[in-house]
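Visitor: run00.cif (mmCIF, C-alpha atoms and all ligand atoms; chains and numbers go by the auth columns) pasted underneath:
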```cif
data_data
#
loop_
_atom_site.group_PDB
_atom_site.id
_atom_site.type_symbol
_atom_site.label_atom_id
_atom_site.label_comp_id
_atom_site.label_asym_id
_atom_site.label_seq_id
_atom_site.Cartn_x
_atom_site.Cartn_y
_atom_site.Cartn_z
_atom_site.B_iso_or_equiv
_atom_site.auth_seq_id
_atom_site.auth_asym_id
ATOM 1 C CA MET A 1 75.067 2.180 -39.507 0.00 1 A
ATOM 2 C CA SER A 2 72.542 5.019 -39.761 0.00 2 A
ATOM 3 C CA GLU A 3 73.088 7.953 -37.437 0.00 3 A
ATOM 4 C CA LEU A 4 71.475 11.265 -36.508 0.00 4 A
ATOM 5 C CA THR A 5 72.743 13.964 -34.197 0.00 5 A
ATOM 6 C CA GLU A 6 70.664 14.249 -31.051 0.00 6 A
ATOM 7 C CA GLY A 7 69.117 17.696 -30.629 0.00 7 A
ATOM 8 C CA ARG A 8 68.866 20.314 -33.360 0.00 8 A
ATOM 9 C CA GLY A 9 71.779 22.492 -32.253 0.00 9 A
ATOM 10 C CA SER A 10 69.873 24.743 -29.847 0.00 10 A
ATOM 11 C CA GLY A 11 67.551 24.560 -26.854 0.00 11 A
ATOM 12 C CA PRO A 12 67.664 22.608 -23.615 0.00 12 A
ATOM 13 C CA GLY A 13 68.964 19.075 -23.611 0.00 13 A
ATOM 14 C CA THR A 14 71.047 19.466 -26.741 0.00 14 A
ATOM 15 C CA ARG A 15 74.187 17.417 -26.237 0.00 15 A
ATOM 16 C CA GLY A 16 75.231 16.742 -29.805 0.00 16 A
ATOM 17 C CA ALA A 17 75.256 13.035 -28.931 0.00 17 A
ATOM 18 C CA ARG A 18 74.720 10.484 -31.651 0.00 18 A
ATOM 19 C CA LEU A 19 71.514 8.567 -32.271 0.00 19 A
ATOM 20 C CA ALA A 20 72.297 5.217 -33.853 0.00 20 A
ATOM 21 C CA LEU A 21 70.463 2.129 -35.112 0.00 21 A
ATOM 22 C CA ARG A 22 71.369 -1.469 -34.225 0.00 22 A
ATOM 23 C CA PRO A 23 69.585 -4.853 -34.256 0.00 23 A
ATOM 24 C CA MET A 24 67.162 -5.437 -31.345 0.00 24 A
ATOM 25 C CA ARG A 25 68.228 -8.215 -28.943 0.00 25 A
ATOM 26 C CA TRP A 26 66.323 -10.061 -26.215 0.00 26 A
ATOM 27 C CA TRP A 27 67.813 -7.873 -23.476 0.00 27 A
ATOM 28 C CA ASP A 28 66.218 -4.836 -25.160 0.00 28 A
ATOM 29 C CA ILE A 29 62.700 -6.175 -24.517 0.00 29 A
ATOM 30 C CA GLU A 30 62.359 -4.588 -21.036 0.00 30 A
ATOM 31 C CA PRO A 31 63.255 -1.009 -22.113 0.00 31 A
ATOM 32 C CA VAL A 32 61.168 -1.478 -25.275 0.00 32 A
ATOM 33 C CA MET A 33 58.190 -2.541 -23.111 0.00 33 A
ATOM 34 C CA GLU A 34 58.468 0.689 -21.106 0.00 34 A
ATOM 35 C CA LEU A 35 58.250 2.735 -24.293 0.00 35 A
ATOM 36 C CA GLU A 36 55.552 0.425 -25.693 0.00 36 A
ATOM 37 C CA HIS A 37 53.173 1.238 -22.815 0.00 37 A
ATOM 38 C CA GLN A 38 53.830 4.974 -23.126 0.00 38 A
ATOM 39 C CA LEU A 39 53.484 5.088 -26.916 0.00 39 A
ATOM 40 C CA PHE A 40 50.650 2.579 -27.438 0.00 40 A
ATOM 41 C CA PRO A 41 48.574 3.069 -24.250 0.00 41 A
ATOM 42 C CA GLU A 42 45.447 1.464 -25.758 0.00 42 A
ATOM 43 C CA ASP A 43 46.950 -1.404 -27.722 0.00 43 A
ATOM 44 C CA ALA A 44 50.427 -2.191 -26.366 0.00 44 A
ATOM 45 C CA TRP A 45 52.009 -5.496 -27.377 0.00 45 A
ATOM 46 C CA SER A 46 52.807 -7.927 -24.593 0.00 46 A
ATOM 47 C CA ARG A 47 56.308 -8.989 -23.552 0.00 47 A
ATOM 48 C CA GLY A 48 55.509 -12.447 -24.964 0.00 48 A
ATOM 49 C CA MET A 49 54.777 -10.971 -28.390 0.00 49 A
ATOM 50 C CA TYR A 50 58.226 -9.376 -28.485 0.00 50 A
ATOM 51 C CA TRP A 51 59.876 -12.642 -27.407 0.00 51 A
ATOM 52 C CA SER A 52 58.015 -14.437 -30.148 0.00 52 A
ATOM 53 C CA GLU A 53 58.916 -11.811 -32.783 0.00 53 A
ATOM 54 C CA LEU A 54 62.615 -11.864 -31.811 0.00 54 A
ATOM 55 C CA ALA A 55 62.661 -15.673 -31.935 0.00 55 A
ATOM 56 C CA ASP A 56 62.336 -15.308 -35.716 0.00 56 A
ATOM 57 C CA ALA A 57 64.724 -12.354 -36.073 0.00 57 A
ATOM 58 C CA HIS A 58 67.809 -14.531 -36.666 0.00 58 A
ATOM 59 C CA GLN A 59 69.647 -14.753 -39.983 0.00 59 A
ATOM 60 C CA GLY A 60 67.267 -16.315 -42.501 0.00 60 A
ATOM 61 C CA GLY A 61 64.257 -15.689 -40.221 0.00 61 A
ATOM 62 C CA SER A 62 61.141 -13.798 -41.270 0.00 62 A
ATOM 63 C CA ARG A 63 61.606 -10.908 -38.844 0.00 63 A
ATOM 64 C CA HIS A 64 63.937 -7.887 -38.746 0.00 64 A
ATOM 65 C CA TYR A 65 63.955 -5.708 -35.599 0.00 65 A
ATOM 66 C CA THR A 66 65.954 -2.527 -35.048 0.00 66 A
ATOM 67 C CA VAL A 67 66.392 -0.234 -32.044 0.00 67 A
ATOM 68 C CA ALA A 68 67.554 3.389 -31.988 0.00 68 A
ATOM 69 C CA THR A 69 69.861 4.365 -29.132 0.00 69 A
ATOM 70 C CA ASP A 70 70.907 7.796 -27.837 0.00 70 A
ATOM 71 C CA GLY A 71 74.440 8.847 -26.947 0.00 71 A
ATOM 72 C CA ASP A 72 74.144 7.059 -23.577 0.00 72 A
ATOM 73 C CA GLY A 73 73.026 3.803 -25.204 0.00 73 A
ATOM 74 C CA ALA A 74 69.413 4.193 -23.974 0.00 74 A
ATOM 75 C CA ILE A 75 66.718 2.943 -26.329 0.00 75 A
ATOM 76 C CA VAL A 76 64.727 5.840 -27.808 0.00 76 A
ATOM 77 C CA GLY A 77 62.975 4.074 -30.694 0.00 77 A
ATOM 78 C CA TYR A 78 62.332 0.722 -32.303 0.00 78 A
ATOM 79 C CA ALA A 79 60.830 -0.828 -35.421 0.00 79 A
ATOM 80 C CA GLY A 80 60.077 -4.298 -36.753 0.00 80 A
ATOM 81 C CA LEU A 81 59.479 -5.945 -40.117 0.00 81 A
ATOM 82 C CA MET A 82 57.968 -9.281 -41.161 0.00 82 A
ATOM 83 C CA ALA A 83 58.960 -10.538 -44.609 0.00 83 A
ATOM 84 C CA VAL A 84 57.453 -13.689 -46.093 0.00 84 A
ATOM 85 C CA GLY A 85 57.926 -14.381 -49.797 0.00 85 A
ATOM 86 C CA ALA A 86 57.183 -11.295 -51.881 0.00 86 A
ATOM 87 C CA GLU A 87 55.278 -9.565 -49.087 0.00 87 A
ATOM 88 C CA SER A 88 56.510 -7.647 -46.096 0.00 88 A
ATOM 89 C CA ASP A 89 54.750 -5.829 -43.258 0.00 89 A
ATOM 90 C CA VAL A 90 55.722 -3.077 -40.861 0.00 90 A
ATOM 91 C CA GLN A 91 55.036 -4.835 -37.552 0.00 91 A
ATOM 92 C CA THR A 92 55.705 -1.807 -35.379 0.00 92 A
ATOM 93 C CA ILE A 93 57.490 1.536 -35.327 0.00 93 A
ATOM 94 C CA ALA A 94 57.819 3.945 -32.408 0.00 94 A
ATOM 95 C CA VAL A 95 59.949 6.831 -31.150 0.00 95 A
ATOM 96 C CA ALA A 96 60.174 8.055 -27.521 0.00 96 A
ATOM 97 C CA GLU A 97 58.103 11.220 -27.048 0.00 97 A
ATOM 98 C CA GLN A 98 61.086 13.436 -26.202 0.00 98 A
ATOM 99 C CA GLN A 99 62.839 12.369 -29.432 0.00 99 A
ATOM 100 C CA GLN A 100 59.890 12.771 -31.803 0.00 100 A
ATOM 101 C CA GLY A 101 59.960 15.319 -34.646 0.00 101 A
ATOM 102 C CA ARG A 102 63.703 15.009 -35.311 0.00 102 A
ATOM 103 C CA GLY A 103 63.638 12.517 -38.132 0.00 103 A
ATOM 104 C CA LEU A 104 64.171 9.363 -36.068 0.00 104 A
ATOM 105 C CA GLY A 105 60.844 7.855 -37.181 0.00 105 A
ATOM 106 C CA ALA A 106 61.955 8.460 -40.770 0.00 106 A
ATOM 107 C CA LEU A 107 65.333 6.826 -40.086 0.00 107 A
ATOM 108 C CA LEU A 108 63.664 3.726 -38.619 0.00 108 A
ATOM 109 C CA LEU A 109 61.206 3.540 -41.517 0.00 109 A
ATOM 110 C CA GLU A 110 64.066 3.825 -44.016 0.00 110 A
ATOM 111 C CA ASP A 111 65.733 0.880 -42.250 0.00 111 A
ATOM 112 C CA LEU A 112 62.597 -1.269 -42.722 0.00 112 A
ATOM 113 C CA ILE A 113 62.110 -0.180 -46.340 0.00 113 A
ATOM 114 C CA ALA A 114 65.761 -0.985 -47.122 0.00 114 A
ATOM 115 C CA GLU A 115 65.491 -4.420 -45.467 0.00 115 A
ATOM 116 C CA SER A 116 62.270 -5.204 -47.335 0.00 116 A
ATOM 117 C CA ALA A 117 63.944 -4.258 -50.637 0.00 117 A
ATOM 118 C CA ARG A 118 67.137 -6.165 -49.707 0.00 118 A
ATOM 119 C CA ARG A 119 65.052 -9.317 -49.213 0.00 119 A
ATOM 120 C CA GLY A 120 63.527 -8.881 -52.672 0.00 120 A
ATOM 121 C CA CYS A 121 59.989 -8.181 -51.476 0.00 121 A
ATOM 122 C CA ALA A 122 57.655 -6.649 -54.071 0.00 122 A
ATOM 123 C CA GLU A 123 55.673 -4.642 -51.534 0.00 123 A
ATOM 124 C CA LEU A 124 55.653 -3.372 -47.970 0.00 124 A
ATOM 125 C CA LEU A 125 52.291 -3.140 -46.180 0.00 125 A
ATOM 126 C CA LEU A 126 51.265 -1.603 -42.868 0.00 126 A
ATOM 127 C CA GLU A 127 48.243 -0.912 -40.720 0.00 127 A
ATOM 128 C CA VAL A 128 47.883 2.422 -38.949 0.00 128 A
ATOM 129 C CA ARG A 129 45.086 3.718 -36.738 0.00 129 A
ATOM 130 C CA VAL A 130 42.752 5.944 -38.767 0.00 130 A
ATOM 131 C CA ASP A 131 43.180 8.638 -36.063 0.00 131 A
ATOM 132 C CA ASN A 132 47.025 8.520 -36.194 0.00 132 A
ATOM 133 C CA THR A 133 47.511 11.254 -38.772 0.00 133 A
ATOM 134 C CA ARG A 134 51.111 11.958 -37.730 0.00 134 A
ATOM 135 C CA ALA A 135 52.221 8.420 -38.550 0.00 135 A
ATOM 136 C CA GLN A 136 50.173 8.495 -41.769 0.00 136 A
ATOM 137 C CA ARG A 137 52.017 11.660 -42.878 0.00 137 A
ATOM 138 C CA LEU A 138 55.339 9.928 -42.272 0.00 138 A
ATOM 139 C CA TYR A 139 54.260 6.944 -44.409 0.00 139 A
ATOM 140 C CA GLU A 140 52.927 9.205 -47.173 0.00 140 A
ATOM 141 C CA ARG A 141 56.284 10.970 -47.332 0.00 141 A
ATOM 142 C CA TYR A 142 57.768 7.562 -48.162 0.00 142 A
ATOM 143 C CA ASP A 143 55.192 6.918 -50.923 0.00 143 A
ATOM 144 C CA PHE A 144 52.927 4.547 -49.004 0.00 144 A
ATOM 145 C CA ALA A 145 49.418 4.771 -50.495 0.00 145 A
ATOM 146 C CA PRO A 146 46.130 3.880 -48.764 0.00 146 A
ATOM 147 C CA VAL A 147 44.669 0.593 -50.039 0.00 147 A
ATOM 148 C CA GLY A 148 41.851 -0.199 -47.607 0.00 148 A
ATOM 149 C CA ILE A 149 40.299 -0.090 -44.158 0.00 149 A
ATOM 150 C CA ARG A 150 40.218 -2.902 -41.548 0.00 150 A
ATOM 151 C CA ARG A 151 37.183 -2.313 -39.334 0.00 151 A
ATOM 152 C CA GLY A 152 37.782 -2.649 -35.588 0.00 152 A
ATOM 153 C CA TYR A 153 41.381 -3.813 -36.143 0.00 153 A
ATOM 154 C CA TYR A 154 42.629 -2.196 -32.914 0.00 154 A
ATOM 155 C CA GLN A 155 41.061 -3.789 -29.848 0.00 155 A
ATOM 156 C CA PRO A 156 39.862 -3.198 -27.186 0.00 156 A
ATOM 157 C CA ALA A 157 39.624 0.425 -28.398 0.00 157 A
ATOM 158 C CA ASN A 158 37.675 -0.815 -31.485 0.00 158 A
ATOM 159 C CA VAL A 159 39.445 1.626 -33.798 0.00 159 A
ATOM 160 C CA ASP A 160 39.689 1.012 -37.554 0.00 160 A
ATOM 161 C CA ALA A 161 43.038 0.535 -39.317 0.00 161 A
ATOM 162 C CA LEU A 162 44.019 2.207 -42.542 0.00 162 A
ATOM 163 C CA VAL A 163 46.029 -0.252 -44.653 0.00 163 A
ATOM 164 C CA MET A 164 48.849 1.388 -46.601 0.00 164 A
ATOM 165 C CA ARG A 165 51.143 -0.088 -49.237 0.00 165 A
ATOM 166 C CA LEU A 166 54.532 0.749 -50.693 0.00 166 A
ATOM 167 C CA ASP A 167 55.210 -0.781 -54.103 0.00 167 A
ATOM 168 C CA HIS A 168 58.967 -1.402 -54.410 0.00 168 A
ATOM 169 C CA GLN A 169 58.653 -1.790 -58.175 0.00 169 A
ATOM 170 C CA THR A 170 57.401 1.754 -58.715 0.00 170 A
ATOM 171 C CA THR A 171 59.392 3.549 -56.013 0.00 171 A
ATOM 172 C CA ASN A 172 63.108 3.897 -55.603 0.00 172 A
ATOM 173 C CA HIS A 173 64.150 5.470 -52.328 0.00 173 A
ATOM 174 C CA THR A 174 67.241 7.379 -51.492 0.00 174 A
ATOM 175 C CA GLU A 175 67.905 9.362 -48.316 0.00 175 A
ATOM 176 C CA GLU A 176 68.252 12.500 -50.467 0.00 176 A
ATOM 177 C CA ASP A 177 64.596 12.139 -51.524 0.00 177 A
ATOM 178 C CA HIS A 178 63.386 12.708 -47.995 0.00 178 A
ATOM 179 C CA GLY A 179 66.228 14.566 -46.304 0.00 179 A
HETATM 180 C C1 LIG B . 54.868 8.038 -35.738 0.00 201 B
HETATM 181 C C2 LIG B . 56.238 8.230 -35.088 0.00 201 B
HETATM 182 C C3 LIG B . 56.992 6.900 -35.128 0.00 201 B
HETATM 183 C C4 LIG B . 57.010 9.287 -35.889 0.00 201 B
HETATM 184 O O1 LIG B . 58.298 9.413 -35.293 0.00 201 B
HETATM 185 P P1 LIG B . 59.138 10.785 -35.390 0.00 201 B
HETATM 186 O O2 LIG B . 60.497 10.479 -34.934 0.00 201 B
HETATM 187 O O3 LIG B . 58.397 11.870 -34.708 0.00 201 B
HETATM 188 O O4 LIG B . 59.102 10.997 -36.973 0.00 201 B
HETATM 189 P P2 LIG B . 59.895 12.111 -37.788 0.00 201 B
HETATM 190 O O5 LIG B . 60.632 13.010 -36.882 0.00 201 B
HETATM 191 O O6 LIG B . 60.655 11.401 -38.834 0.00 201 B
HETATM 192 O O7 LIG B . 58.720 12.906 -38.488 0.00 201 B
HETATM 193 C C5 LIG B . 57.677 13.458 -37.690 0.00 201 B
HETATM 194 C C6 LIG B . 57.559 14.955 -37.914 0.00 201 B
HETATM 195 O O8 LIG B . 58.745 15.618 -37.509 0.00 201 B
HETATM 196 C C7 LIG B . 59.201 16.453 -38.562 0.00 201 B
HETATM 197 N N1 LIG B . 60.663 16.435 -38.568 0.00 201 B
HETATM 198 C C8 LIG B . 61.440 15.436 -38.997 0.00 201 B
HETATM 199 N N2 LIG B . 62.726 15.790 -38.887 0.00 201 B
HETATM 200 C C9 LIG B . 62.745 17.030 -38.345 0.00 201 B
HETATM 201 C C10 LIG B . 63.755 17.929 -37.993 0.00 201 B
HETATM 202 N N3 LIG B . 65.030 17.628 -38.195 0.00 201 B
HETATM 203 N N4 LIG B . 63.399 19.106 -37.436 0.00 201 B
HETATM 204 C C11 LIG B . 62.113 19.427 -37.250 0.00 201 B
HETATM 205 N N5 LIG B . 61.100 18.607 -37.588 0.00 201 B
HETATM 206 C C12 LIG B . 61.419 17.443 -38.135 0.00 201 B
HETATM 207 C C13 LIG B . 58.671 15.825 -39.804 0.00 201 B
HETATM 208 O O9 LIG B . 58.520 16.769 -40.853 0.00 201 B
HETATM 209 C C14 LIG B . 57.351 15.331 -39.341 0.00 201 B
HETATM 210 O O10 LIG B . 56.432 16.404 -39.363 0.00 201 B
HETATM 211 P P3 LIG B . 54.902 16.146 -39.646 0.00 201 B
HETATM 212 O O11 LIG B . 54.421 15.222 -38.557 0.00 201 B
HETATM 213 O O12 LIG B . 54.319 17.490 -39.593 0.00 201 B
HETATM 214 O O13 LIG B . 54.842 15.494 -41.000 0.00 201 B
HETATM 215 C C15 LIG B . 56.104 8.759 -33.641 0.00 201 B
HETATM 216 O O14 LIG B . 55.254 9.880 -33.640 0.00 201 B
HETATM 217 C C16 LIG B . 55.584 7.730 -32.646 0.00 201 B
HETATM 218 O O15 LIG B . 56.335 6.922 -32.116 0.00 201 B
HETATM 219 N N6 LIG B . 54.270 7.765 -32.351 0.00 201 B
HETATM 220 C C17 LIG B . 53.678 6.859 -31.346 0.00 201 B
HETATM 221 C C18 LIG B . 53.672 5.429 -31.836 0.00 201 B
HETATM 222 C C19 LIG B . 52.984 5.300 -33.188 0.00 201 B
HETATM 223 O O16 LIG B . 51.922 5.868 -33.407 0.00 201 B
HETATM 224 N N7 LIG B . 53.595 4.521 -34.100 0.00 201 B
HETATM 225 C C20 LIG B . 53.055 4.264 -35.420 0.00 201 B
HETATM 226 C C21 LIG B . 52.190 3.048 -35.378 0.00 201 B
HETATM 227 S S1 LIG B . 51.471 2.697 -36.964 0.00 201 B
#
```
Write out the structure in this file as structure tokens.
Ligand SMILES: CC(C)(COP(=O)(O)OP(=O)(O)OC[C@H]1O[C@@H](n2cnc3c(N)ncnc32)[C@H](O)[C@@H]1OP(=O)(O)O)[C@@H](O)C(=O)NCCC(=O)NCCS

Guide:
Amino acid sequence: MSELTEGRGSGPGTRGARLALRPMRWWDIEPVMELEHQLFPEDAWSRGMYWSELADAHQGGSRHYTVATDGDGAIVGYAGLMAVGAESDVQTIAVAEQQQGRGLGALLLEDLIAESARRGCAELLLEVRVDNTRAQRLYERYDFAPVGIRRGYYQPANVDALVMRLDHQTTNHTEEDHG
């Protein structure tokens, strides 16, 4: 199981508690929905979409969903992957505002990259809002490269998506690469 220590060793709120990753289950949907509305105010997924995604997250299914929990067991991040044949897609990735900038987004992305590679996918694709430069920087650090633009992909905001791609055949990730 991947773990991080909560807090950076100084400042308010530092408790030294462990952040950990585990598979997302149906009872996580409500806390995930709370974060979803905070983190994607313009294009939040519905509860039904999460039910439908998790319905295929069983062994042998096309989906893989992970949540990050803090030392109290509260959900502070989540991420999802779709893998079909040689292709996989980052369905979603998000970290609670108060936990951002501590490497949790990177930990969740590493989990999806590892699962995509474990399933033998040749590539991992994602869409990201063209104005979401923070997320784009995270993906670039993991060797995702821009491959195109999808006009008006995010509705109703009518914002374009940048499509990014990670080629598993030309990249070999280790945690040491990205620290
Ligand atoms: C995009 C997102 C998932 C990144 O999550 P995160 O936990 O903040 O990601 P990380 O901490 O791994 O990296 C973010 C930044 O923190 C910095 N960081 C990482 N670990 C750190 C640490 N230990 N100490 C200080 N800074 C650190 C990184 O260098 C990075 O800096 P940069 O933005 O200048 O490149 C998060 O911002 C988020 O949930 N955004 C809203 C939802 C969203 O846009 N999702 C993506 C949809 S495509």

Visitor: Please identify all polymer residues within 7 Å of segment 51-62 of chain A, counting all atoms listed in the file, omitting same-chain residues fewer than 3 positions from it, and present them as a tab-separated table (two decimals) with C-alpha atoms, keeping the file's coordinate frame.

Guide:
```
chain	number	residue	atom	x	y	z
A	26	TRP	CA	66.32	-10.06	-26.22
A	47	ARG	CA	56.31	-8.99	-23.55
A	48	GLY	CA	55.51	-12.45	-24.96
A	65	TYR	CA	63.96	-5.71	-35.60
A	82	MET	CA	57.97	-9.28	-41.16
A	83	ALA	CA	58.96	-10.54	-44.61
A	84	VAL	CA	57.45	-13.69	-46.09
```

Visitor: List all protein, DNA and RNA residues that have at least one atom no more than 8 Å from any atom of ligand LIG 201 (chain B), counting all atoms listed in the file, and write them as a VMD selection string.

Guide: chain A and resid 8 39 to 40 77 92 to 97 99 to 107 126 to 129 132 to 138 141

Visitor: How about saving the chosen residues, C-alpha atoms kept, as an mmCIF file, in the frame of the given file?

Guide:
```
data_model
loop_
_atom_site.group_PDB
_atom_site.id
_atom_site.type_symbol
_atom_site.label_atom_id
_atom_site.label_comp_id
_atom_site.auth_asym_id
_atom_site.auth_seq_id
_atom_site.Cartn_x
_atom_site.Cartn_y
_atom_site.Cartn_z
ATOM 1 C CA ARG A 8 68.866 20.314 -33.360
ATOM 2 C CA LEU A 39 53.484 5.088 -26.916
ATOM 3 C CA PHE A 40 50.650 2.579 -27.438
ATOM 4 C CA GLY A 77 62.975 4.074 -30.694
ATOM 5 C CA THR A 92 55.705 -1.807 -35.379
ATOM 6 C CA ILE A 93 57.490 1.536 -35.327
ATOM 7 C CA ALA A 94 57.819 3.945 -32.408
ATOM 8 C CA VAL A 95 59.949 6.831 -31.150
ATOM 9 C CA ALA A 96 60.174 8.055 -27.521
ATOM 10 C CA GLU A 97 58.103 11.220 -27.048
ATOM 11 C CA GLN A 99 62.839 12.369 -29.432
ATOM 12 C CA GLN A 100 59.890 12.771 -31.803
ATOM 13 C CA GLY A 101 59.960 15.319 -34.646
ATOM 14 C CA ARG A 102 63.703 15.009 -35.311
ATOM 15 C CA GLY A 103 63.638 12.517 -38.132
ATOM 16 C CA LEU A 104 64.171 9.363 -36.068
ATOM 17 C CA GLY A 105 60.844 7.855 -37.181
ATOM 18 C CA ALA A 106 61.955 8.460 -40.770
ATOM 19 C CA LEU A 107 65.333 6.826 -40.086
ATOM 20 C CA LEU A 126 51.265 -1.603 -42.868
ATOM 21 C CA GLU A 127 48.243 -0.912 -40.720
ATOM 22 C CA VAL A 128 47.883 2.422 -38.949
ATOM 23 C CA ARG A 129 45.086 3.718 -36.738
ATOM 24 C CA ASN A 132 47.025 8.520 -36.194
ATOM 25 C CA THR A 133 47.511 11.254 -38.772
ATOM 26 C CA ARG A 134 51.111 11.958 -37.730
ATOM 27 C CA ALA A 135 52.221 8.420 -38.550
ATOM 28 C CA GLN A 136 50.173 8.495 -41.769
ATOM 29 C CA ARG A 137 52.017 11.660 -42.878
ATOM 30 C CA LEU A 138 55.339 9.928 -42.272
ATOM 31 C CA ARG A 141 56.284 10.970 -47.332
#
```

Visitor: Quick check, in Å to one decimal: how far apart do atom CA of Asp143 of chain A and atom CA of Gln98 of chain A lie?

Guide: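 Between these atoms lies a distance of 26.2 Å.
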
Visitor: Which residue out of A:Cys121, A:Asp28, A:Tyr154, A:Glu36 has the minimum interatomic distance to Gly73 of chain A when all atoms listed in the file are used?

Guide: A:Asp28

Visitor: Rounded to one decimal, what separation in Å do you get between atom CA of Ser116 of chain A and atom CA of Val130 of chain A?

Guide: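 Answer for the atom CA of Ser116 of chain A to atom CA of Val130 of chain A separation: 24.1 Å.
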
Visitor: Mind telling me what the PyMOL selection byres (((chain A and resi 165-170) around 6) and not hetatm) catches here, as a PyMOL selection string?

Guide: chain A and resi 122-125+144-145+164+171

Visitor: Would you compute the distance between atom CA of Thr69 of chain A and atom CA of Glu42 of chain A? Give it in Å to one decimal.

Guide: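 Interatomic distance here is 24.8 Å.
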
Visitor: Identify, on the basis of only C-alpha atoms, every residue whose closest approach to Leu4 of chain A does not exceed 8 Å; exclude the query and any residue fewer than 4 positions from it along the same chain; express the result as a list in words.

Guide: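 Here the answer would be Arg18, Leu19, Ala20 and Leu104 of chain A.
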
Visitor: I need the output of the PyMOL selection byres (((chain A and resi 153) around 12) and not hetatm) for this file as a PyMOL selection string; which residues are they?

Guide: chain A and resi 43+127-130+149-152+154-163

Visitor: Rank A:Glu140, A:Trp45, A:His64, A:Val147 by their smallest atom-to-atom distance to Glu115 of chain A, using all atoms listed in the file, and report the top residue only.

Guide: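 Among A:Glu140, A:Trp45, A:His64, A:Val147, it is A:His64 that comes nearest to Glu115 of chain A.
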
Visitor: Smallest atom-to-atom distance to Leu35 of chain A: which of A:Ala86, A:Ile75, A:Gln91, A:Arg22, using all atoms listed in the file?

Guide: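 Of the candidates, the smallest distance to Leu35 of chain A is held by A:Ile75.
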